[in-house]
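Novice: Below is structure.cif; it holds mmCIF, C-alpha atoms and all ligand atoms.
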```
data_entry
#
loop_
_atom_site.label_atom_id
_atom_site.label_comp_id
_atom_site.auth_asym_id
_atom_site.auth_seq_id
_atom_site.Cartn_x
_atom_site.Cartn_y
_atom_site.Cartn_z
CA MET Z 1 4.81 -5.77 -1.81
CA PHE Z 2 5.87 -2.32 -3.06
CA SER Z 3 2.63 -1.03 -4.54
CA PRO Z 4 0.41 -2.34 -1.70
CA LEU Z 5 2.73 -0.63 0.79
CA GLY Z 6 2.70 2.65 -1.16
CA GLU Z 7 -1.08 2.43 -1.35
CA LEU Z 8 -1.37 1.76 2.40
CA VAL Z 9 0.75 4.83 3.21
CA TRP Z 10 -1.43 6.85 0.83
CA TYR Z 11 -4.50 5.72 2.78
CA LEU Z 12 -2.88 6.41 6.15
CA SER Z 13 -1.90 9.91 5.06
CA GLY Z 14 -5.59 10.70 4.42
CA SER Z 15 -4.69 11.89 0.93
CA ASN Z 16 -6.84 11.87 -2.19
CA GLN Z 17 -4.00 13.14 -4.39
CA LEU Z 18 -3.35 11.31 -7.65
CA GLU Z 19 0.30 12.40 -7.76
CA GLN Z 20 1.10 10.38 -4.64
CA ILE Z 21 -0.58 7.13 -5.64
CA ILE Z 22 0.53 6.99 -9.29
CA HIS Z 23 4.11 6.71 -8.03
CA TYR Z 24 3.06 3.15 -7.04
CA ILE Z 25 0.00 2.39 -9.19
CA PRO Z 26 -0.11 4.40 -12.44
CA LYS Z 27 -3.49 2.89 -13.38
CA TYR Z 28 -5.19 5.12 -10.80
CA LYS Z 29 -5.08 7.97 -13.33
CA ASN Z 30 -7.87 6.26 -15.26
CA TYR Z 31 -10.18 6.85 -12.29
CA SER Z 32 -9.60 10.54 -11.66
CA ASN Z 33 -12.47 12.88 -12.55
CA ASP Z 34 -10.32 16.03 -12.54
CA GLY Z 35 -6.81 14.76 -13.33
CA THR Z 36 -5.40 15.65 -9.91
CA SER Z 37 -7.44 13.84 -7.25
CA LEU Z 38 -9.52 10.73 -6.63
CA SER Z 39 -12.99 11.40 -5.32
CA GLY Z 40 -13.38 7.85 -4.01
CA ALA Z 41 -10.00 7.69 -2.23
CA TYR Z 42 -10.30 5.63 0.95
CA GLY Z 43 -7.81 7.74 2.96
CA PRO Z 44 -10.00 10.78 3.66
CA ARG Z 45 -12.97 8.49 4.34
CA ILE Z 46 -11.09 6.59 7.06
CA PHE Z 47 -8.37 8.88 8.39
CA GLU Z 48 -8.61 12.60 8.98
CA VAL Z 49 -5.92 14.34 6.90
CA ASP Z 50 -4.47 15.98 10.02
CA ARG Z 51 -3.95 12.61 11.69
CA ARG Z 52 -0.53 12.55 10.07
CA ILE Z 53 0.31 15.57 12.22
CA ASN Z 54 -1.46 14.77 15.48
CA SER Z 55 -5.18 15.22 15.46
CA HIS Z 56 -8.08 14.19 17.60
CA ASN Z 57 -10.76 15.47 15.32
CA PRO Z 58 -14.41 14.30 15.44
CA THR Z 59 -14.34 13.78 11.66
CA ASP Z 60 -11.53 11.28 12.08
CA HIS Z 61 -13.47 8.04 11.71
CA TRP Z 62 -10.48 6.01 12.74
CA GLN Z 63 -10.39 7.75 16.11
CA ARG Z 64 -14.16 7.30 16.45
CA ILE Z 65 -13.95 3.51 16.14
CA ILE Z 66 -10.89 3.33 18.43
CA ASP Z 67 -12.77 5.35 21.08
CA LEU Z 68 -15.86 3.12 20.70
CA LEU Z 69 -13.75 -0.02 21.08
CA ILE Z 70 -11.92 1.35 24.13
CA LYS Z 71 -15.28 2.04 25.77
CA ARG Z 72 -16.79 -1.36 24.84
CA GLY Z 73 -14.76 -3.88 22.90
CA ASP Z 74 -17.85 -5.99 22.14
CA THR Z 75 -19.70 -3.08 20.52
CA ARG Z 76 -21.34 -3.80 17.17
CA ASN Z 77 -21.09 -0.11 16.25
CA ALA Z 78 -17.41 0.21 15.32
CA VAL Z 79 -18.17 0.56 11.61
CA ILE Z 80 -16.47 2.82 9.09
CA GLN Z 81 -18.68 3.45 6.09
CA ILE Z 82 -16.63 4.01 2.92
CA PHE Z 83 -19.03 3.75 -0.05
CA SER Z 84 -21.69 6.43 0.04
CA ASN Z 85 -24.94 6.60 -1.97
CA SER Z 86 -23.88 9.84 -3.63
CA ASP Z 87 -20.82 8.10 -5.15
CA THR Z 88 -23.03 6.59 -7.84
CA TYR Z 89 -24.18 9.87 -9.34
CA ALA Z 90 -23.57 9.94 -13.08
CA ASP Z 91 -20.09 10.63 -14.51
CA ASN Z 92 -18.15 9.59 -11.45
CA LYS Z 93 -15.15 7.52 -12.51
CA ASP Z 94 -14.17 6.64 -8.96
CA VAL Z 95 -16.84 4.78 -7.02
CA PRO Z 96 -15.33 3.16 -3.90
CA CYS Z 97 -15.40 -0.63 -4.02
CA THR Z 98 -15.27 -1.01 -0.24
CA CYS Z 99 -18.58 -0.55 1.54
CA THR Z 100 -17.78 -1.06 5.23
CA MET Z 101 -15.06 -1.98 7.69
CA GLN Z 102 -16.42 -3.37 10.96
CA PHE Z 103 -14.16 -3.92 13.95
CA ALA Z 104 -14.99 -5.88 17.12
CA VAL Z 105 -12.98 -7.23 20.04
CA ARG Z 106 -13.83 -10.84 20.86
CA GLY Z 107 -11.86 -12.85 23.43
CA LYS Z 108 -9.19 -10.10 23.69
CA ARG Z 109 -8.59 -10.24 19.94
CA LEU Z 110 -9.52 -7.65 17.35
CA ASN Z 111 -11.59 -8.98 14.46
CA LEU Z 112 -12.21 -7.07 11.26
CA HIS Z 113 -14.88 -7.71 8.66
CA VAL Z 114 -14.61 -5.81 5.38
CA HIS Z 115 -17.43 -5.89 2.88
CA MET Z 116 -16.79 -4.93 -0.74
CA ARG Z 117 -19.35 -4.42 -3.49
CA SER Z 118 -16.79 -5.28 -6.18
CA ASN Z 119 -13.28 -6.77 -6.19
CA ASP Z 120 -10.82 -7.52 -8.99
CA ALA Z 121 -9.32 -10.88 -7.95
CA VAL Z 122 -5.89 -10.06 -9.40
CA LEU Z 123 -5.23 -6.35 -9.12
CA GLY Z 124 -7.58 -5.41 -6.29
CA LEU Z 125 -7.95 -8.29 -3.84
CA PRO Z 126 -4.28 -8.70 -2.77
CA HIS Z 127 -3.89 -4.92 -2.30
CA ASP Z 128 -7.14 -4.61 -0.38
CA ILE Z 129 -6.46 -7.55 1.93
CA PHE Z 130 -2.96 -6.22 2.62
CA ALA Z 131 -4.22 -2.71 3.44
CA PHE Z 132 -7.13 -3.83 5.59
CA THR Z 133 -5.20 -6.44 7.58
CA MET Z 134 -2.48 -3.85 8.20
CA MET Z 135 -5.17 -1.45 9.47
CA GLN Z 136 -6.50 -4.27 11.66
CA GLU Z 137 -3.02 -4.71 13.15
CA ILE Z 138 -2.61 -0.94 13.65
CA ALA Z 139 -5.96 -0.79 15.50
CA ALA Z 140 -5.06 -3.89 17.56
CA ARG Z 141 -1.80 -2.25 18.64
CA GLU Z 142 -3.62 0.95 19.57
CA LEU Z 143 -6.02 -1.10 21.70
CA GLY Z 144 -3.28 -3.33 23.12
CA VAL Z 145 -4.93 -6.59 21.98
CA GLU Z 146 -3.88 -9.39 19.63
CA ILE Z 147 -5.14 -9.51 16.06
CA GLY Z 148 -8.08 -11.87 15.61
CA ARG Z 149 -10.00 -13.01 12.56
CA TYR Z 150 -10.07 -11.10 9.27
CA THR Z 151 -13.19 -11.69 7.16
CA HIS Z 152 -13.47 -10.37 3.62
CA SER Z 153 -16.82 -10.58 1.87
CA VAL Z 154 -17.36 -9.52 -1.72
CA ALA Z 155 -20.59 -9.22 -3.69
CA SER Z 156 -18.83 -9.44 -7.08
CA LEU Z 157 -15.39 -11.05 -7.11
CA HIS Z 158 -14.24 -11.21 -10.72
CA LEU Z 159 -11.32 -12.19 -12.91
CA TYR Z 160 -10.92 -10.15 -16.09
CA ASP Z 161 -9.77 -11.82 -19.27
CA ASP Z 162 -6.79 -9.54 -19.93
CA THR Z 163 -5.08 -11.70 -22.52
CA HIS Z 164 -4.31 -10.33 -25.97
CA GLU Z 165 -1.80 -11.01 -28.72
CA ALA Z 166 1.04 -9.19 -26.98
CA GLN Z 167 0.16 -10.76 -23.62
CA PRO Z 168 -0.95 -14.33 -24.20
CA ARG Z 169 -0.52 -15.24 -20.51
CA SER Z 170 -3.08 -13.54 -18.31
CA MET Z 171 -1.85 -11.26 -15.57
CA ALA Z 172 -3.25 -13.75 -13.04
CA GLN Z 173 -1.09 -16.47 -14.57
CA GLN Z 174 1.96 -14.20 -14.49
CA PHE Z 175 1.44 -13.51 -10.78
CA LEU Z 176 1.01 -17.21 -10.04
CA ASP Z 177 4.25 -17.96 -11.90
CA GLU Z 178 6.28 -15.42 -9.91
CA PRO Z 179 8.83 -17.22 -7.76
CA LEU Z 180 8.13 -14.95 -4.78
CA PRO Z 181 6.89 -16.59 -1.59
CA ASP Z 182 3.38 -15.47 -0.72
CA ASP Z 183 3.06 -17.74 2.29
CA VAL Z 184 5.83 -16.20 4.42
CA PRO Z 185 4.27 -13.89 7.01
CA MET Z 186 5.47 -10.36 7.63
CA PRO Z 187 6.98 -9.86 11.06
CA PRO Z 188 4.47 -8.69 13.69
CA MET Z 189 4.04 -4.97 14.27
CA PRO Z 190 5.77 -3.79 17.47
CA TRP Z 191 3.53 -3.35 20.52
CA GLY Z 192 2.52 0.13 21.69
CA ASP Z 193 0.92 3.08 19.91
CA PRO Z 194 2.04 2.78 16.27
CA TRP Z 195 1.13 6.37 15.31
CA PRO Z 196 4.47 8.03 16.10
CA ALA Z 197 6.14 5.53 13.73
CA LEU Z 198 3.30 5.79 11.19
CA ARG Z 199 3.61 9.57 11.10
CA TYR Z 200 7.30 9.16 10.46
CA LEU Z 201 6.56 6.58 7.73
CA ILE Z 202 4.12 8.98 6.05
CA ALA Z 203 6.68 11.81 6.10
CA ALA Z 204 9.46 9.50 4.91
CA GLU Z 205 7.31 8.21 2.02
CA ARG Z 206 6.80 11.75 0.79
CA ALA Z 207 10.45 12.67 1.10
CA ILE Z 208 11.51 9.49 -0.73
CA ARG Z 209 9.00 10.08 -3.52
CA GLU Z 210 10.17 13.67 -3.90
CA GLY Z 211 13.85 12.66 -3.85
CA LYS Z 212 14.56 14.59 -0.66
CA TYR Z 213 14.97 11.74 1.78
CA ASP Z 214 17.77 11.87 4.31
CA HIS Z 215 18.06 8.38 5.76
CA ALA Z 216 20.34 9.34 8.64
CA ASP Z 217 17.56 9.43 11.20
CA ILE Z 218 16.02 5.98 10.66
CA GLU Z 219 18.87 4.47 12.63
CA GLY Z 220 17.06 4.64 15.99
CA MET Z 221 13.81 3.18 14.63
CA ASP Z 222 12.42 -0.26 15.38
CA PRO Z 223 13.60 -2.67 12.62
CA TYR Z 224 9.97 -3.36 11.67
CA TRP Z 225 9.39 0.27 10.61
CA LYS Z 226 12.88 0.70 9.26
CA ASP Z 227 12.27 -2.19 6.84
CA LEU Z 228 9.09 -0.55 5.51
CA ILE Z 229 10.99 2.67 4.83
CA LEU Z 230 13.73 0.68 3.11
CA LEU Z 231 11.07 -0.96 0.92
CA LEU Z 232 9.76 2.45 -0.14
CA ARG Z 233 13.31 3.54 -0.95
CA ALA Z 234 13.89 0.33 -2.91
CA HIS Z 235 10.75 1.00 -4.94
CA SER Z 236 11.84 4.54 -5.83
CA ILE Z 237 15.37 3.44 -6.71
CA ALA Z 238 14.03 0.56 -8.82
CA LYS Z 239 11.94 3.05 -10.82
CA SER Z 240 14.98 5.13 -11.74
CA PRO Z 241 16.85 4.11 -14.90
CA ASP Z 242 19.96 3.02 -13.03
CA GLY Z 243 20.41 2.44 -9.31
CA GLU Z 244 21.34 -1.25 -9.45
CA HIS Z 245 24.32 -0.63 -7.20
CA GLU Z 246 22.19 1.21 -4.63
CA LEU Z 247 19.57 -1.56 -4.73
CA HIS Z 248 22.29 -4.14 -4.09
CA ARG Z 249 23.42 -2.13 -1.10
CA LEU Z 250 19.86 -1.99 0.26
CA THR Z 251 19.34 -5.77 0.17
CA SER Z 252 21.83 -6.21 3.01
CA GLN Z 253 20.08 -3.65 5.22
CA PHE Z 254 16.75 -5.39 5.79
CA ALA Z 255 16.18 -6.83 9.25
CA SER Z 256 13.62 -9.31 7.89
CA ASN Z 257 14.43 -11.83 5.15
CA VAL Z 258 10.86 -11.60 3.84
CA TYR Z 259 11.56 -8.31 2.06
CA HIS Z 260 14.96 -9.18 0.81
CA LEU Z 261 13.54 -11.38 -1.97
CA TYR Z 262 11.28 -8.64 -3.29
CA VAL Z 263 14.27 -6.33 -3.75
CA LEU Z 264 16.26 -9.13 -5.39
CA ASP Z 265 13.33 -9.62 -7.75
CA ARG Z 266 13.47 -5.92 -8.73
CA LEU Z 267 17.20 -6.25 -9.33
CA GLU Z 268 16.60 -9.27 -11.54
CA ARG Z 269 13.95 -7.38 -13.52
CA LYS Z 270 16.43 -4.54 -14.03
CA ARG Z 271 19.10 -6.99 -15.18
CA VAL Z 272 16.73 -8.62 -17.67
CA LYS Z 273 15.62 -5.21 -18.97
CA ARG Z 274 19.22 -4.02 -19.33
CA ASN Z 275 20.20 -7.18 -21.23
CA SER Z 276 17.25 -6.90 -23.57
CA THR Z 277 18.01 -3.26 -24.42
CA PRO Z 278 20.15 -2.76 -27.54
CA ASP Z 279 23.57 -1.23 -26.73
CA MET Z 280 22.86 2.07 -28.51
CA PHE Z 281 19.81 2.60 -26.23
CA LYS Z 282 21.79 1.55 -23.16
CA ASP Z 283 24.29 4.34 -23.85
CA TYR Z 284 21.42 6.73 -24.32
CA GLN Z 285 19.70 5.65 -21.08
CA ASN Z 286 22.93 6.02 -19.14
CA GLY Z 287 23.32 9.54 -20.45
CA ASN Z 288 26.54 8.59 -22.31
CA GLU Z 289 25.22 8.97 -25.84
CA LYS Z 290 28.19 9.23 -28.14
CA ASP Z 291 28.82 12.24 -30.35
CA THR Z 292 28.11 11.39 -33.93
O1 LIG Z 301 -10.23 -1.23 -3.75
C1 LIG Z 301 -10.58 -1.58 -4.90
C2 LIG Z 301 -11.00 -0.68 -5.87
C3 LIG Z 301 -11.36 -1.16 -7.12
N1 LIG Z 301 -11.32 -2.49 -7.38
C4 LIG Z 301 -11.74 -3.01 -8.72
C5 LIG Z 301 -13.04 -3.75 -8.71
C6 LIG Z 301 -13.52 -3.55 -10.14
O2 LIG Z 301 -12.93 -4.51 -11.00
C7 LIG Z 301 -13.00 -2.18 -10.51
C8 LIG Z 301 -14.02 -1.07 -10.32
O3 LIG Z 301 -15.05 -1.24 -11.26
P1 LIG Z 301 -16.60 -1.09 -10.86
O4 LIG Z 301 -16.95 -2.18 -9.88
O5 LIG Z 301 -16.78 0.31 -10.21
O6 LIG Z 301 -17.33 -1.22 -12.14
O7 LIG Z 301 -11.89 -1.94 -9.64
C9 LIG Z 301 -10.89 -3.39 -6.44
O8 LIG Z 301 -10.81 -4.59 -6.67
N2 LIG Z 301 -10.54 -2.90 -5.22
#
```
How does this structure look as structure tokens?

Specialist:
Amino acid sequence: MFSPLGELVWYLSGSNQLEQIIHYIPKYKNYSNDGTSLSGAYGPRIFEVDRRINSHNPTDHWQRIIDLLIKRGDTRNAVIQIFSNSDTYADNKDVPCTCTMQFAVRGKRLNLHVHMRSNDAVLGLPHDIFAFTMMQEIAARELGVEIGRYTHSVASLHLYDDTHEAQPRSMAQQFLDEPLPDDVPMPPMPWGDPWPALRYLIAAERAIREGKYDHADIEGMDPYWKDLILLLRAHSIAKSPDGEHELHRLTSQFASNVYHLYVLDRLERKRVKRNSTPDMFKDYQNGNEKDT
């Protein structure tokens, strides 16, 4: 829940910056050509960077498909092309896996078909489906229609054998064994233009990541958006060496029970980690190392 949400906000912000996404998914650094950015980042290929401020720019592909769908919901032209031929030039570590997103309104519902050239069934697929179905819901709210069908087609869907001596259970098996419910739906996005709230979410994400967040002004927000900001805060707190008390406090603030469990899971992981750390290291981690 945490890393897909961080990744979604990264996309929505139109950013290609490594610094932002490694806060949620450190593995992205393996794909950077220059150590600071990701050439294949989806954000700039879908959303104009200035959208987070308030743009209506012709290079904003998101706006292009919204305008097309407003004009004619049954258009077959509302396609955003992500993969580009030039991505496969030699020495590019970051070739986008998503080829196209195609939106269409059918029977007053917004359908989305995403086609991917390549998809990692464990690390990629759940993140991608989360991001794209959230984008489908954002577009549906902008158009004032219900969400329809989501279709995901993949040319190569694969499962890596990531087992080794130190990790005899594959990552796929570990995910399947997690006690978290994956069949409980998120609450529906509130009706109306979501962009004012999304712009706030993008700004809040940055402030939380940079440790400058002042949570006083989320009070007036719709509980749906407030919960997403709380999740981002929970993720940042969970990354810090302590913060168990603050995480506990957060669990009672969620409007939706769906998220609650994910924060409890982070707390449990922290408890297990604390209990498996020898006392001398615990003192060190807490900054109380004794004088010798
Ligand atoms: O949105 C993405 C981006 C990447 N990948 C995975 C698919 C592949 O396992 C790997 C990229 O490797 P190539 O297909 O480029 O070789 O990353 C995804 O699943 N989803």

Novice: Compute the distance from (-9.3, 11.9, -11.2) to each atom, counting only C-alpha atoms, keep the residues with any atom at most 12 Å away, and return them as number ranges by chain; use the coordinates of the file.

Specialist: Z: 16-19, 21-22, 26-41, 91-95

Novice: Check which residues fall inside 7 Å of ligand LIG 301 (chain Z) when counting only C-alpha atoms and all ligand atoms, and print them as a compact mmCIF listing (two decimals) with C-alpha atoms, in the frame of the given file.

Specialist:
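Output file pocket-v2.txt is given in full below:
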```
# COMPACT_ATOMS: atom_id res chain seq x y z
CA ASP Z 94 -14.17 6.64 -8.96
CA VAL Z 95 -16.84 4.78 -7.02
CA PRO Z 96 -15.33 3.16 -3.90
CA CYS Z 97 -15.40 -0.63 -4.02
CA THR Z 98 -15.27 -1.01 -0.24
CA SER Z 118 -16.79 -5.28 -6.18
CA ASN Z 119 -13.28 -6.77 -6.19
CA ASP Z 120 -10.82 -7.52 -8.99
CA ALA Z 121 -9.32 -10.88 -7.95
CA LEU Z 123 -5.23 -6.35 -9.12
CA GLY Z 124 -7.58 -5.41 -6.29
CA LEU Z 125 -7.95 -8.29 -3.84
CA ASP Z 128 -7.14 -4.61 -0.38
CA HIS Z 158 -14.24 -11.21 -10.72
```

Novice: My list of candidates is Z:Arg209, Z:Pro190, Z:Val122, Z:Ala197. Which is closest to Z:Asp162 when distances are computed with all atoms listed in the file?

Specialist: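 Closest residue, counting all atoms listed in the file: Z:Val122.
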
Novice: Hey, what's within 7 Å of stretch 200-205 of chain Z if we count only C-alpha atoms and toss same-chain stuff fewer than 6 positions away? As a VMD selection string, please?

Specialist: chain Z and resid 9 13 213 229 232

Novice: Considering all atoms listed in the file, can you say which of Z:Leu230, Z:Ala207, Z:Leu5, Z:Val184 comes closest to Z:Ala131?

Specialist: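 Selected residue with least distance to Z:Ala131: Z:Leu5.
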
Novice: To one decimal place in Å, what is the distance between atom CA of Z:Gln102 and atom CA of Z:Met134?

Specialist: 14.2 Å

Novice: Excluding stretch 240-254 of chain Z and any residue of its chain fewer than 4 positions from it, enumerate the residues within 7 Å of it, using all atoms listed in the file, and give them as a PyMOL selection string.

Specialist: chain Z and resi 227+234+236+260+263+267+285

Novice: Between Z:Met135, Z:Val79, Z:Leu8, Z:Ile129, which residue has the minimum interatomic distance to Z:Ala104, considering all atoms listed in the file?

Specialist: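 Once distances to Z:Ala104 are computed over all atoms listed in the file, the minimum belongs to Z:Val79.
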
Novice: Would you pick out the contacts of Z:Arg45 at 8 Å or less, using only C-alpha atoms, so that residues sharing its chain but fewer than 6 positions from it are not included, and give the list as a tab-separated table (two decimals) with C-alpha atoms, keeping the file's coordinate frame?

Specialist:
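Output saved as out.tsv:
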```tsv
chain	number	residue	atom	x	y	z
Z	14	GLY	CA	-5.59	10.70	4.42
Z	61	HIS	CA	-13.47	8.04	11.71
Z	81	GLN	CA	-18.68	3.45	6.09
Z	82	ILE	CA	-16.63	4.01	2.92
```

Novice: With distances taken over all atoms listed in the file, which residue among Z:Ser156, Z:Pro126, Z:Pro44, Z:Asn257 lies nearest Z:Trp62?

Specialist: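 Between Z:Ser156, Z:Pro126, Z:Pro44, Z:Asn257, the residue approaching Z:Trp62 most closely is Z:Pro44.
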
Novice: Point out the residue among Z:Leu231, Z:Ile46, Z:Val114, Z:Ile237 with the least atom-to-atom distance to Z:Leu12, counting all atoms listed in the file.

Specialist: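 Distance minimum relative to Z:Leu12 lands on Z:Ile46.
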
Novice: For Z:Gly73, work out the shell of residues within 8 Å, counting all atoms listed in the file and skipping chain neighbours fewer than 4 positions away, then give it as a PDB file with C-alpha atoms, keeping the file's coordinate frame.

Specialist:
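Written file, out.pdb:
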```pdb
ATOM      1  CA  LEU Z  68     -15.860   3.120  20.700  1.00  0.00           C
ATOM      2  CA  LEU Z  69     -13.750  -0.020  21.080  1.00  0.00           C
ATOM      3  CA  ALA Z 104     -14.990  -5.880  17.120  1.00  0.00           C
ATOM      4  CA  VAL Z 105     -12.980  -7.230  20.040  1.00  0.00           C
ATOM      5  CA  ARG Z 106     -13.830 -10.840  20.860  1.00  0.00           C
TER       6      ARG Z 106
END
```

Novice: Hey, can you check how far atom CA of Z:Asp214 sits from atom CA of Z:Lys226?

Specialist: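 That distance, rounded to one decimal, is 13.2 Å.
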
Novice: When you draw a straight line from atom CA of Z:His23 to atom CA of Z:Tyr11, how long is it in Å?

Specialist: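 Interatomic distance, atom CA of Z:His23 to atom CA of Z:Tyr11: 13.9 Å.
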
Novice: Write out as number ranges by chain each polymer residue whose atoms come within 8 Å of Z:Glu142, counting only C-alpha atoms; drop sequence neighbours fewer than 5 positions from it.

Specialist: Z: 66, 192-194

Novice: Taking every listed atom of stretch 202-215 of chain Z and adding 4 Å to each side, what centre and edge lengths in Å (one decimal) does the axis-aligned box have, as lines of an AutoDock Vina configuration file?

Specialist:
```
center_x = 11.1
center_y = 11.4
center_z = 1.1
size_x = 21.9
size_y = 14.4
size_z = 18.0
```

Novice: Which of these, Z:Met189, Z:Pro168, Z:Tyr42, Z:Gly211, has the shortest distance to Z:Gly144 once you count only C-alpha atoms?

Specialist: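 Distance minimum relative to Z:Gly144 lands on Z:Met189.
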